[in-house]
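Text of entry11.cif (mmCIF, C-alpha atoms) as supplied:
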data_structure
loop_
_atom_site.label_atom_id
_atom_site.label_comp_id
_atom_site.auth_asym_id
_atom_site.auth_seq_id
_atom_site.Cartn_x
_atom_site.Cartn_y
_atom_site.Cartn_z
CA MET A 4 0.00 0.00 0.00
CA THR A 5 2.96 2.30 0.43
CA PRO A 6 3.21 4.60 -2.59
CA GLY A 7 6.33 4.44 -4.69
CA GLY A 8 9.05 7.05 -4.31
CA SER A 9 10.51 8.17 -0.98
CA ASP A 10 9.30 11.77 -1.30
CA GLU A 11 5.82 10.68 -2.33
CA GLY A 12 5.61 8.14 0.47
CA ARG A 13 6.78 10.75 2.97
CA ARG A 14 4.13 13.13 1.66
CA VAL A 15 1.33 10.61 2.21
CA ARG A 16 2.54 9.65 5.68
CA ARG A 17 2.79 13.28 6.76
CA PHE A 18 -0.59 14.09 5.28
CA LEU A 19 -2.37 11.20 7.00
CA ALA A 20 -0.60 11.65 10.33
CA GLY A 21 -1.24 15.39 10.38
CA THR A 22 -4.84 15.13 9.19
CA PHE A 23 -5.85 12.42 11.64
CA GLY A 24 -3.90 14.08 14.44
CA VAL A 25 -5.74 17.37 14.04
CA THR A 26 -9.17 15.97 13.17
CA TRP A 27 -9.31 13.22 15.76
CA GLY A 28 -7.82 15.52 18.38
CA ALA A 29 -10.55 18.09 17.74
CA TRP A 30 -13.48 15.73 17.15
CA TRP A 31 -12.81 13.23 19.96
CA THR A 32 -12.48 16.23 22.29
CA LEU A 33 -15.79 17.51 20.95
CA ALA A 34 -17.38 14.09 21.45
CA ALA A 35 -16.19 13.93 25.06
CA LEU A 36 -17.31 17.48 25.87
CA THR A 37 -20.77 17.11 24.30
CA ALA A 38 -21.32 13.72 25.91
CA SER A 39 -20.47 15.11 29.34
CA GLY A 40 -22.73 18.12 28.87
CA ALA A 41 -19.82 20.53 29.23
CA LEU A 42 -20.34 21.87 25.69
CA GLU A 43 -23.07 21.96 23.06
CA LEU A 44 -22.27 21.50 19.40
CA GLY A 45 -23.88 24.81 18.45
CA GLU A 46 -21.82 26.87 20.87
CA PRO A 47 -18.88 28.86 19.43
CA ALA A 48 -16.30 26.49 20.92
CA GLY A 49 -18.18 23.49 19.56
CA VAL A 50 -18.39 24.97 16.07
CA ALA A 51 -14.69 25.86 16.24
CA LEU A 52 -13.71 22.28 17.08
CA LEU A 53 -15.99 20.94 14.34
CA VAL A 54 -14.54 23.29 11.71
CA LEU A 55 -10.96 22.70 12.84
CA GLY A 56 -11.34 18.96 12.40
CA GLY A 57 -13.23 19.24 9.12
CA SER A 58 -10.75 21.63 7.53
CA ALA A 59 -7.67 19.55 8.34
CA PRO A 60 -7.48 17.54 5.08
CA THR A 61 -7.42 20.76 3.05
CA TRP A 62 -4.74 22.81 4.75
CA MET A 63 -2.75 19.73 5.72
CA ALA A 64 -2.65 18.78 2.03
CA TYR A 65 -1.12 22.14 1.15
CA LEU A 66 1.29 21.99 4.07
CA THR A 67 2.58 18.54 3.18
CA VAL A 68 2.84 19.39 -0.53
CA TRP A 69 4.85 22.48 0.39
CA ARG A 70 7.14 20.34 2.56
CA THR A 71 7.61 17.66 -0.15
CA PRO A 72 8.11 19.58 -3.42
CA GLY A 73 9.82 16.65 -5.10
CA SER A 74 6.41 15.05 -5.77
CA GLY A 75 4.74 18.19 -7.10
CA SER A 76 4.45 21.82 -6.09
CA VAL A 77 1.75 23.82 -4.34
CA ARG A 78 1.13 25.60 -7.62
CA GLU A 79 0.57 22.29 -9.40
CA LEU A 80 -1.88 21.15 -6.69
CA THR A 81 -3.79 24.41 -6.99
CA ARG A 82 -3.98 23.94 -10.74
CA ARG A 83 -5.65 20.55 -10.23
CA VAL A 84 -8.05 22.02 -7.66
CA LEU A 85 -9.16 24.78 -10.04
CA HIS A 86 -9.21 22.59 -13.15
CA LEU A 87 -12.83 22.45 -14.38
CA ARG A 88 -12.36 22.45 -18.14
CA VAL A 89 -13.95 19.03 -18.51
CA PRO A 90 -16.69 17.52 -20.71
CA PRO A 91 -20.11 18.96 -19.77
CA GLY A 92 -21.46 15.50 -18.95
CA LEU A 93 -18.87 15.02 -16.24
CA LEU A 94 -19.65 18.42 -14.79
CA ILE A 95 -23.32 17.40 -14.58
CA VAL A 96 -22.32 14.18 -12.80
CA ALA A 97 -20.26 16.19 -10.33
CA VAL A 98 -23.01 18.68 -9.51
CA LEU A 99 -26.14 16.51 -9.69
CA GLY A 100 -24.84 12.94 -9.44
CA ALA A 101 -25.33 12.57 -5.67
CA ALA A 102 -28.86 13.99 -5.86
CA LEU A 103 -29.78 11.59 -8.67
CA LEU A 104 -28.39 8.65 -6.71
CA GLY A 105 -30.43 9.80 -3.73
CA LEU A 106 -33.63 10.03 -5.75
CA LEU A 107 -33.03 6.58 -7.22
CA SER A 108 -32.48 5.22 -3.71
CA ARG A 109 -35.69 6.82 -2.49
CA ALA A 110 -37.61 5.28 -5.38
CA LEU A 111 -36.23 1.82 -4.52
CA ALA A 112 -36.59 2.17 -0.75
CA GLY A 113 -40.35 1.62 -0.89
CA PRO A 114 -40.42 -1.79 -2.58
CA LEU A 115 -37.15 -2.96 -1.00
CA ALA A 116 -37.46 -1.68 2.57
CA GLY A 117 -41.04 -0.52 2.98
CA VAL A 118 -40.01 3.12 3.32
CA ALA A 119 -42.69 5.54 2.17
CA TRP A 120 -41.69 7.93 -0.59
CA PRO A 121 -41.51 11.40 1.01
CA GLU A 122 -42.91 14.28 -0.98
CA VAL A 123 -40.32 16.09 -3.09
CA THR A 124 -41.38 19.60 -4.07
CA ALA A 125 -39.86 22.33 -6.18
CA GLY A 126 -38.81 23.93 -2.91
CA ALA A 127 -36.07 21.32 -2.63
CA ALA A 128 -34.13 23.28 -5.24
CA LEU A 129 -34.31 26.35 -3.01
CA VAL A 130 -32.54 24.34 -0.34
CA PHE A 131 -30.18 22.45 -2.64
CA VAL A 132 -28.59 25.50 -4.28
CA PRO A 133 -27.44 27.34 -1.13
CA ALA A 134 -26.61 24.03 0.58
CA PHE A 135 -24.45 23.15 -2.41
CA ALA A 136 -22.57 26.45 -2.19
CA THR A 137 -22.07 25.99 1.55
CA GLY A 138 -21.11 22.36 1.03
CA ILE A 139 -18.15 23.32 -1.13
CA VAL A 140 -16.54 25.05 1.84
CA LEU A 141 -17.93 22.83 4.60
CA GLY A 142 -17.17 19.39 3.24
CA GLY A 143 -16.26 19.37 -0.42
CA ILE A 144 -12.97 21.18 -0.04
CA GLU A 145 -11.58 18.27 2.00
CA GLU A 146 -11.14 16.46 -1.34
CA VAL A 147 -8.04 18.60 -1.83
CA GLY A 148 -6.41 16.08 0.50
CA TRP A 149 -8.13 12.83 -0.48
CA ARG A 150 -7.90 13.43 -4.25
CA GLY A 151 -5.09 15.96 -4.46
CA VAL A 152 -2.63 14.00 -2.33
CA LEU A 153 -3.83 10.50 -1.49
CA GLN A 154 -5.33 9.24 -4.77
CA PRO A 155 -2.41 10.14 -7.08
CA ALA A 156 0.07 8.52 -4.71
CA LEU A 157 -1.93 5.30 -4.39
CA ARG A 158 -2.62 5.17 -8.12
CA THR A 159 1.08 4.89 -8.92
CA ARG A 160 1.08 1.43 -7.33
CA HIS A 161 -2.50 0.16 -7.45
CA GLY A 162 -5.51 -0.22 -9.70
CA LEU A 163 -8.63 1.87 -9.36
CA SER A 164 -10.53 -0.58 -7.16
CA THR A 165 -7.76 -0.93 -4.59
CA THR A 166 -7.07 2.80 -4.66
CA ASN A 167 -10.73 3.51 -4.00
CA LEU A 168 -10.95 0.91 -1.23
CA VAL A 169 -8.02 2.46 0.64
CA ILE A 170 -9.41 5.99 0.28
CA ALA A 171 -12.89 4.86 1.36
CA VAL A 172 -11.55 3.15 4.48
CA VAL A 173 -9.45 6.20 5.38
CA TRP A 174 -12.41 8.50 4.73
CA ALA A 175 -14.77 6.44 6.90
CA LEU A 176 -12.32 6.20 9.79
CA TRP A 177 -11.65 9.92 9.58
CA HIS A 178 -15.37 10.55 10.24
CA LEU A 179 -15.56 8.06 13.13
CA PRO A 180 -15.55 10.53 16.08
CA LEU A 181 -18.65 12.30 14.72
CA PHE A 182 -20.75 9.23 15.54
CA TRP A 183 -20.21 10.10 19.22
CA VAL A 184 -20.68 13.87 18.98
CA VAL A 185 -23.99 14.78 20.61
CA GLY A 186 -26.03 16.82 18.15
CA ASP A 187 -24.24 15.65 15.01
CA PRO A 188 -26.62 14.06 12.46
CA ARG A 189 -24.48 10.92 12.44
CA GLN A 190 -24.72 10.33 16.18
CA GLY A 191 -26.09 6.85 16.79
CA ALA A 192 -26.27 6.00 13.08
CA SER A 193 -24.82 2.80 11.62
CA PHE A 194 -21.12 3.28 10.95
CA ALA A 195 -21.09 0.14 8.76
CA LEU A 196 -23.76 1.58 6.45
CA PHE A 197 -21.98 4.93 6.41
CA ALA A 198 -18.76 3.19 5.38
CA LEU A 199 -20.58 1.24 2.65
CA ALA A 200 -22.13 4.41 1.25
CA GLY A 201 -18.75 6.09 1.50
CA LEU A 202 -17.24 3.31 -0.60
CA GLY A 203 -19.71 4.08 -3.36
CA TYR A 204 -19.47 7.85 -3.19
CA SER A 205 -15.69 7.58 -3.09
CA ALA A 206 -15.81 5.33 -6.15
CA VAL A 207 -17.56 8.04 -8.15
CA MET A 208 -14.94 10.60 -7.13
CA THR A 209 -12.10 8.14 -7.79
CA TRP A 210 -13.55 7.64 -11.27
CA LEU A 211 -14.00 11.38 -11.85
CA TYR A 212 -10.45 12.20 -10.80
CA ASP A 213 -8.93 9.32 -12.76
CA ARG A 214 -10.70 10.47 -15.91
CA THR A 215 -9.95 14.18 -15.62
CA GLY A 216 -7.22 14.91 -13.07
CA SER A 217 -9.62 17.48 -11.62
CA VAL A 218 -9.77 17.79 -7.85
CA GLY A 219 -12.37 20.50 -8.38
CA LEU A 220 -14.86 18.02 -9.85
CA CYS A 221 -14.53 15.88 -6.72
CA VAL A 222 -15.05 18.94 -4.53
CA LEU A 223 -18.31 19.62 -6.40
CA PHE A 224 -19.51 16.01 -6.12
CA HIS A 225 -18.78 15.95 -2.38
CA ALA A 226 -20.68 19.22 -1.95
CA GLY A 227 -23.55 17.60 -3.84
CA ILE A 228 -23.68 14.73 -1.33
CA ASN A 229 -24.21 17.16 1.53
CA ALA A 230 -26.64 19.33 -0.42
CA ALA A 231 -28.78 16.38 -1.52
CA THR A 232 -29.18 15.30 2.10
CA ALA A 233 -29.99 18.83 3.26
CA ALA A 234 -32.63 19.21 0.54
CA GLY A 235 -34.26 15.87 1.32
CA LEU A 236 -33.28 14.38 -2.02
CA SER A 237 -31.36 11.55 -0.38
CA PHE A 238 -31.52 9.72 2.94
CA ALA A 239 -29.60 10.91 5.97
CA ALA A 240 -27.49 8.36 7.82
CA ALA A 241 -29.95 8.41 10.72
CA ASP A 242 -32.75 7.11 8.44
CA THR A 243 -31.52 3.56 8.86
CA ARG A 244 -33.80 1.58 6.54
CA GLY A 245 -33.75 4.09 3.71
CA PHE A 246 -30.06 4.79 4.12
CA ALA A 247 -29.34 1.04 3.95
CA VAL A 248 -30.93 0.94 0.49
CA GLN A 249 -29.05 4.05 -0.52
CA ALA A 250 -25.73 2.64 0.70
CA VAL A 251 -26.19 -0.48 -1.43
CA VAL A 252 -27.31 1.48 -4.49
CA VAL A 253 -24.40 3.90 -4.28
CA ALA A 254 -21.85 1.17 -3.59
CA VAL A 255 -23.04 -1.01 -6.48
CA LEU A 256 -23.24 1.78 -9.05
CA GLY A 257 -19.98 3.38 -7.92
CA SER A 258 -18.16 0.07 -8.11
CA ALA A 259 -19.66 -0.54 -11.55
CA LEU A 260 -18.10 2.70 -12.78
CA LEU A 261 -14.66 1.54 -11.69
CA MET A 262 -15.15 -1.93 -13.17
CA ARG A 263 -16.20 -0.43 -16.49
CA ARG A 264 -13.10 1.77 -16.57
CA ALA A 265 -10.96 -1.25 -15.72
CA ARG A 266 -12.48 -3.28 -18.56
CA SER A 267 -11.78 -0.41 -20.96
CA GLY A 268 -8.07 -0.98 -20.34
CA ASP A 269 -7.51 2.10 -18.22
CA GLU A 270 -6.99 0.18 -14.97
#
Could I get this file's structure written as structure tokens?
Amino acid sequence: MTPGGSDEGRRVRRFLAGTFGVTWGAWWTLAALTASGALELGEPAGVALLVLGGSAPTWMAYLTVWRTPGSGSVRELTRRVLHLRVPPGLLIVAVLGAALLGLLSRALAGPLAGVAWPEVTAGAALVFVPAFATGIVLGGIEEVGWRGVLQPALRTRHGLSTTNLVIAVVWALWHLPLFWVVGDPRQGASFALFALAGLGYSAVMTWLYDRTGSVGLCVLFHAGINAATAAGLSFAAADTRGFAVQAVVVAVLGSALLMRRARSGDE
């Protein structure tokens, strides 16, 4: 699993150690304080700890790239983050893909899990658009680390499926403390289902980045995941039965994308 090249390997190790050190330090502290009643998530200190942990993959990516210039410069990373000159179809996938997967999951949740189809109105768009914009900063931008640093390094040694599996496991574990933060939407939800859904969502982003070299597309797709949930277009992790269907749908379709790319000879 160790990426080839001493500088590249050092970059990944520093990125992961720094990211998990900051995020877990902030989020496990937040979990302990909210569980004890010493702090509420919505208080300024709670928000600060939440944002500190969530922002770590982004600024830690830039810090480690700056410290390991032999595997690519900060300027080169920024170019990949801002790169959005891609085929229009891929841009549509990045912006609306998560919402479409959510709607498909909601359509299947009735016959498969007995979950009633909630009403979806035009007002969902009024929520989706601002939630999408917010989601770029509060969520999507973390892909600067996962796609800008981790995926290229893993891809030098592994195929798409293995690369995605490693990223998905890292991504799931990175979120783990939030399942114990009182007031977080993931508190008490199934971590196994969250990890399965993450495998599928990660697969779509692994596919997008492998096709285009655009970190920006992955940022947009990640923002779309958060926005779709906020707008009620997909199930939240706390909606166990519906989210179970969604996790399977996303994992199957995401994996199918990677398998198709592998069969095309690009693996």
Nearest to Trp120 (chain A), chosen from A:Gly219, A:Gly105, A:Gly203, A:Pro133, with only C-alpha atoms counted in the distances: A:Gly105
A:Ala239, A:Gly12, A:Val248, A:Tyr212 ranked by distance to Leu94 (chain A), top pick (using only C-alpha atoms):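 Among A:Ala239, A:Gly12, A:Val248, A:Tyr212, it is A:Tyr212 that comes nearest to Leu94 (chain A).
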Nearest candidate to Arg266 (chain A) (options A:Ala20, A:Leu53, A:Leu223, A:Leu163; using only C-alpha atoms):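 Result for the nearest residue to Arg266 (chain A): A:Leu163.
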Contacts of Leu93 (chain A) at 12 Å (all atoms listed in the file; same-chain gap of 3+ positions) as an MDAnalysis selection string: chainID A and resid 87:90 96:100 207:208 210:215 217 219:221 223:224
Selected residue, from A:Pro47, A:His86, A:Val152, A:Val123, that lies nearest to Trp69 (chain A) when counting all atoms listed in the file: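 Closest residue, counting all atoms listed in the file: A:Val152.
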With the file shown as input, list the residues that the PyMOL selection byres ((chain A and resi 28-31) around 12) selects, as a compact mmCIF listing (two decimals) with C-alpha atoms, in the coordinates of the input.
# COMPACT_ATOMS: atom_id res chain seq x y z
CA ALA A 20 -0.60 11.65 10.33
CA GLY A 21 -1.24 15.39 10.38
CA THR A 22 -4.84 15.13 9.19
CA PHE A 23 -5.85 12.42 11.64
CA GLY A 24 -3.90 14.08 14.44
CA VAL A 25 -5.74 17.37 14.04
CA THR A 26 -9.17 15.97 13.17
CA TRP A 27 -9.31 13.22 15.76
CA THR A 32 -12.48 16.23 22.29
CA LEU A 33 -15.79 17.51 20.95
CA ALA A 34 -17.38 14.09 21.45
CA ALA A 35 -16.19 13.93 25.06
CA LEU A 36 -17.31 17.48 25.87
CA THR A 37 -20.77 17.11 24.30
CA ALA A 38 -21.32 13.72 25.91
CA LEU A 44 -22.27 21.50 19.40
CA ALA A 48 -16.30 26.49 20.92
CA GLY A 49 -18.18 23.49 19.56
CA VAL A 50 -18.39 24.97 16.07
CA ALA A 51 -14.69 25.86 16.24
CA LEU A 52 -13.71 22.28 17.08
CA LEU A 53 -15.99 20.94 14.34
CA VAL A 54 -14.54 23.29 11.71
CA LEU A 55 -10.96 22.70 12.84
CA GLY A 56 -11.34 18.96 12.40
CA GLY A 57 -13.23 19.24 9.12
CA SER A 58 -10.75 21.63 7.53
CA ALA A 59 -7.67 19.55 8.34
CA TRP A 177 -11.65 9.92 9.58
CA HIS A 178 -15.37 10.55 10.24
CA LEU A 179 -15.56 8.06 13.13
CA PRO A 180 -15.55 10.53 16.08
CA LEU A 181 -18.65 12.30 14.72
CA PHE A 182 -20.75 9.23 15.54
CA TRP A 183 -20.21 10.10 19.22
CA VAL A 184 -20.68 13.87 18.98
CA VAL A 185 -23.99 14.78 20.61
CA ASP A 187 -24.24 15.65 15.01
Point-to-point distance from CA of Gly143 (chain A) to CA of Ala226 (chain A), Å rounded to tenths: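 So the two atoms, CA of Gly143 (chain A) and CA of Ala226 (chain A), lie 4.7 Å apart.
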For Thr165 (chain A): contacts at 12 Å, all atoms listed in the file, fewer than 6 positions along chain excluded, given as a PyMOL selection string: chain A and resi 4+154+157-159+171-172+202+205-206+209+258+261-262+265+270
Atomic separation - CA of Ser74 (chain A) relative to CA of Leu19 (chain A), Å: 16.0 Å
Selection near Gly201 (chain A), 8 Å with all atoms listed in the file, sequence-local residues under 6 positions removed, as a PyMOL selection string: chain A and resi 171+174-175+250+254
Atom-to-atom span, CA of Ala234 (chain A) and CA of Leu42 (chain A), Å: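 Here the two named atoms are 28.1 Å from each other.
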Pick from A:Gly235, A:Gly40, A:Gly245, A:Gly257 nearest to Leu129 (chain A), counting only C-alpha atoms: A:Gly235
Name the residues in contact with Asp10 (chain A) at a cut-off of 12 Å, using all atoms listed in the file, excluding same-chain residues fewer than 3 positions from it; report them as a PDB file with C-alpha atoms, keeping the file's coordinate frame.
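Final output, saved to selection.pdb:
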ATOM      1  CA  THR A   5       2.960   2.300   0.430  1.00  0.00           C
ATOM      2  CA  PRO A   6       3.210   4.600  -2.590  1.00  0.00           C
ATOM      3  CA  GLY A   7       6.330   4.440  -4.690  1.00  0.00           C
ATOM      4  CA  ARG A  13       6.780  10.750   2.970  1.00  0.00           C
ATOM      5  CA  ARG A  14       4.130  13.130   1.660  1.00  0.00           C
ATOM      6  CA  VAL A  15       1.330  10.610   2.210  1.00  0.00           C
ATOM      7  CA  ARG A  16       2.540   9.650   5.680  1.00  0.00           C
ATOM      8  CA  ARG A  17       2.790  13.280   6.760  1.00  0.00           C
ATOM      9  CA  THR A  67       2.580  18.540   3.180  1.00  0.00           C
ATOM     10  CA  VAL A  68       2.840  19.390  -0.530  1.00  0.00           C
ATOM     11  CA  TRP A  69       4.850  22.480   0.390  1.00  0.00           C
ATOM     12  CA  ARG A  70       7.140  20.340   2.560  1.00  0.00           C
ATOM     13  CA  THR A  71       7.610  17.660  -0.150  1.00  0.00           C
ATOM     14  CA  PRO A  72       8.110  19.580  -3.420  1.00  0.00           C
ATOM     15  CA  GLY A  73       9.820  16.650  -5.100  1.00  0.00           C
ATOM     16  CA  SER A  74       6.410  15.050  -5.770  1.00  0.00           C
ATOM     17  CA  GLY A  75       4.740  18.190  -7.100  1.00  0.00           C
ATOM     18  CA  ALA A 156       0.070   8.520  -4.710  1.00  0.00           C
TER      19      ALA A 156
END
